[in-house]
$ cat target_23.cif   # mmCIF, C-alpha atoms
data_start
loop_
_atom_site.label_atom_id
_atom_site.label_comp_id
_atom_site.auth_asym_id
_atom_site.auth_seq_id
_atom_site.Cartn_x
_atom_site.Cartn_y
_atom_site.Cartn_z
CA MET A 1 106.01 7.91 0.38
CA PRO A 2 106.37 9.19 4.00
CA ASN A 3 104.77 12.43 2.84
CA VAL A 4 101.67 10.51 1.63
CA LEU A 5 101.38 8.61 4.90
CA TYR A 6 101.68 11.85 6.84
CA ARG A 7 98.89 13.41 4.79
CA VAL A 8 96.64 10.37 5.23
CA SER A 9 97.20 10.21 8.98
CA ARG A 10 96.70 13.98 9.27
CA HIS A 11 93.38 13.77 7.41
CA ALA A 12 92.28 10.73 9.41
CA ALA A 13 93.03 12.62 12.62
CA SER A 14 91.05 15.61 11.41
CA ALA A 15 88.13 13.30 10.44
CA VAL A 16 88.12 11.76 13.91
CA LEU A 17 88.22 15.22 15.47
CA LEU A 18 85.33 16.35 13.26
CA ILE A 19 83.25 13.33 14.29
CA ALA A 20 84.06 13.92 17.95
CA VAL A 21 82.79 17.49 17.61
CA LEU A 22 79.69 16.62 15.55
CA ALA A 23 78.58 13.51 17.50
CA PRO A 24 77.05 15.41 20.47
CA ILE A 25 75.27 17.77 18.09
CA MET A 26 73.82 14.88 16.08
CA LEU A 27 72.81 12.96 19.21
CA ALA A 28 70.94 15.95 20.68
CA PRO A 29 67.67 15.17 18.81
CA CYS A 30 67.55 11.74 20.47
CA GLN A 31 66.45 13.35 23.75
CA ALA A 32 67.00 10.15 25.72
CA PRO A 33 66.14 10.55 29.40
CA ALA A 34 68.96 9.98 31.86
CA GLY A 35 67.19 6.91 33.27
CA ALA A 36 67.34 5.21 29.89
CA LEU A 37 71.09 4.84 30.25
CA ASP A 38 70.58 2.10 32.84
CA PHE A 39 69.02 -0.73 30.84
CA LEU A 40 68.51 -2.94 33.89
CA ALA A 41 66.65 -0.33 35.93
CA ALA A 42 63.13 -1.24 36.98
CA HIS A 43 60.21 1.01 37.81
CA GLN A 44 58.57 0.43 41.17
CA VAL A 45 54.80 0.42 40.65
CA SER A 46 52.25 0.77 43.45
CA VAL A 47 48.57 -0.12 42.97
CA GLN A 48 45.81 0.28 45.54
CA PHE A 49 42.73 -1.92 45.18
CA ALA A 50 39.33 -1.10 46.67
CA ALA A 51 36.00 -2.87 46.68
CA GLN A 52 32.86 -1.33 45.18
CA ASP A 53 31.92 0.15 48.55
CA GLY A 54 35.27 1.98 48.64
CA LYS A 55 36.88 -0.14 51.37
CA PRO A 56 40.42 -1.37 50.72
CA MET A 57 40.80 -4.97 49.54
CA ALA A 58 43.05 -6.14 52.38
CA ASP A 59 44.99 -9.40 51.98
CA ALA A 60 43.65 -10.01 48.46
CA GLU A 61 45.54 -12.28 46.06
CA VAL A 62 47.15 -10.24 43.24
CA ARG A 63 48.35 -11.33 39.82
CA VAL A 64 50.31 -8.92 37.60
CA TYR A 65 50.64 -9.44 33.85
CA ALA A 66 53.48 -7.95 31.79
CA PRO A 67 52.84 -6.10 28.51
CA GLY A 68 52.15 -8.53 25.69
CA GLN A 69 51.86 -11.56 28.01
CA PRO A 70 48.24 -11.76 29.20
CA ALA A 71 48.30 -15.53 29.85
CA GLN A 72 51.29 -15.85 32.19
CA PRO A 73 51.41 -13.82 35.47
CA ALA A 74 54.72 -11.95 35.77
CA ARG A 75 54.28 -11.33 39.52
CA THR A 76 52.00 -12.62 42.25
CA GLY A 77 51.44 -11.63 45.85
CA ARG A 78 48.97 -10.20 48.34
CA THR A 79 47.79 -6.70 49.15
CA ASP A 80 48.57 -5.12 52.51
CA LYS A 81 45.95 -3.93 55.04
CA ASP A 82 45.36 -0.78 52.94
CA GLY A 83 44.80 -2.74 49.72
CA LYS A 84 48.19 -1.69 48.29
CA PHE A 85 50.46 -3.90 46.22
CA GLU A 86 53.90 -2.96 44.86
CA PHE A 87 55.84 -4.66 42.11
CA PRO A 88 58.88 -3.93 39.94
CA ALA A 89 58.18 -3.33 36.24
CA ASP A 90 61.22 -4.21 34.15
CA ARG A 91 59.89 -2.81 30.85
CA ASP A 92 57.70 -0.05 29.53
CA GLY A 93 54.13 -0.66 28.45
CA LEU A 94 50.68 -1.41 29.86
CA TRP A 95 50.79 -3.71 32.88
CA MET A 96 47.59 -5.43 34.07
CA ALA A 97 46.99 -6.13 37.77
CA GLU A 98 44.15 -8.22 39.13
CA ALA A 99 43.17 -8.55 42.81
CA HIS A 100 40.94 -11.41 43.99
CA SER A 101 39.16 -11.35 47.36
CA PRO A 102 36.63 -13.98 48.43
CA THR A 103 33.75 -11.79 47.23
CA GLU A 104 35.15 -9.43 44.57
CA ILE A 105 37.63 -9.03 41.74
CA ALA A 106 39.31 -5.70 40.96
CA ARG A 107 41.39 -4.95 37.87
CA ALA A 108 43.80 -2.12 37.14
CA THR A 109 45.83 -1.16 34.08
CA VAL A 110 49.07 0.69 34.78
CA ARG A 111 51.05 2.53 32.14
CA VAL A 112 54.78 2.30 32.82
CA GLY A 113 57.26 4.56 31.01
CA LYS A 114 56.70 5.76 27.48
CA LEU A 115 54.85 3.72 24.92
CA ASP A 116 56.46 3.12 21.51
CA GLU A 117 54.24 5.51 19.60
CA GLU A 118 55.15 8.36 21.98
CA GLN A 119 58.90 7.94 21.69
CA GLY A 120 60.35 10.32 19.17
CA GLY A 121 63.70 11.37 17.88
CA LEU A 122 66.44 9.37 16.29
CA SER A 123 67.85 6.18 17.68
CA PRO A 124 71.37 6.71 19.06
CA PHE A 125 72.38 3.41 17.46
CA LEU A 126 71.28 4.68 14.05
CA VAL A 127 73.25 7.91 14.44
CA ILE A 128 76.40 6.10 15.59
CA GLY A 129 76.03 3.60 12.75
CA VAL A 130 75.73 6.36 10.15
CA LEU A 131 78.77 8.12 11.62
CA GLY A 132 80.74 4.86 11.45
CA VAL A 133 79.82 4.33 7.80
CA LEU A 134 80.82 7.91 6.98
CA LEU A 135 84.17 7.39 8.71
CA VAL A 136 84.83 4.21 6.70
CA ILE A 137 83.94 6.01 3.45
CA ALA A 138 86.22 8.96 4.32
CA VAL A 139 89.19 6.70 5.12
CA TRP A 140 88.59 4.62 1.99
CA TYR A 141 88.41 7.75 -0.17
CA ARG A 142 91.63 9.13 1.30
CA PHE A 143 93.36 5.79 0.76
CA LEU A 144 92.30 5.64 -2.90
CA ARG A 145 93.37 9.22 -3.43
CA ALA A 146 96.80 8.59 -1.91
CA ARG A 147 97.19 5.44 -4.00
CA GLY A 148 96.30 7.38 -7.16
CA ARG A 149 98.91 10.02 -6.38
CA ARG A 150 101.55 7.33 -5.93
CA ARG A 151 100.84 5.87 -9.34
CA GLY A 152 100.55 9.19 -11.14
CA GLY A 153 103.40 11.08 -9.70
#
$ encode --input "target_23.cif" --output "structure tokens"
Amino acid sequence: MPNVLYRVSRHAASAVLLIAVLAPIMLAPCQAPAGALDFLAAHQVSVQFAAQDGKPMADAEVRVYAPGQPAQPARTGRTDKDGKFEFPADRDGLWMAEAHSPTEIARATVRVGKLDEEQGGLSPFLVIGVLGVLLVIAVWYRFLRARGRRRGG
């Protein structure tokens, strides 16, 4: 019996070692940028508004709308003397910004990060999940094999 346990633990250790070696190779196609590791990171977006005559819209009221939420402003504020307005974007997608002066309205659409259709590669969660399932199957198989040897011999 100790011989069977030794074989099972030896094979489990070799399976873990194999997964540790193969995991970086399997995760390579994911091509996740280093910034994606910080899920709470925000992009700082700067928009400059100008009137039709080209002059900056100084001290104009600005409303910013998050992707998929056109009814509720995500940020509000005012432009500076150069017509610039900065805001943090906490998710990727198309952000809409609207500046209102007493005489004009200016709109801008800002693309932040990658859009869903541009992101390629495999999800790291999918790869890790598949590796976990394979590990469970390997351990289960080794357990059944060791149990069969105990009964048969």
$ atom_distance --input "target_23.cif" --atom1 "CA of Ile105 in chain A" --atom2 "CA of Gln44 in chain A"
23.0 Å
$ closest_residue --input "target_23.cif" --among "A:Ala97, A:Leu144, A:Ile128, A:Ala106" --to "Pro73 in chain A" --atoms "only C-alpha atoms"
A:Ala97
$ residues_around --input "target_23.cif" --residues "Ala50 in chain A" --least-positions-apart "5" --cutoff "12 Å" --atoms "only C-alpha atoms" --output "ChimeraX atom specification"
/A:55-60,79-85,98-101,104-108
$ atom_distance --input "target_23.cif" --atom1 "CA of Asp90 in chain A" --atom2 "CA of Gly77 in chain A"
17.0 Å
$ closest_residue --input "target_23.cif" --among "A:Val127, A:Ala146, A:Leu135, A:Val45" --to "Met96 in chain A" --atoms "only C-alpha atoms"
A:Val45
$ atom_distance --input "target_23.cif" --atom1 "CA of Val47 in chain A" --atom2 "CA of Phe87 in chain A"
8.6 Å
$ closest_residue --input "target_23.cif" --among "A:Arg147, A:Pro88, A:Glu61, A:Asp53" --to "Pro102 in chain A" --atoms "only C-alpha atoms"
A:Glu61
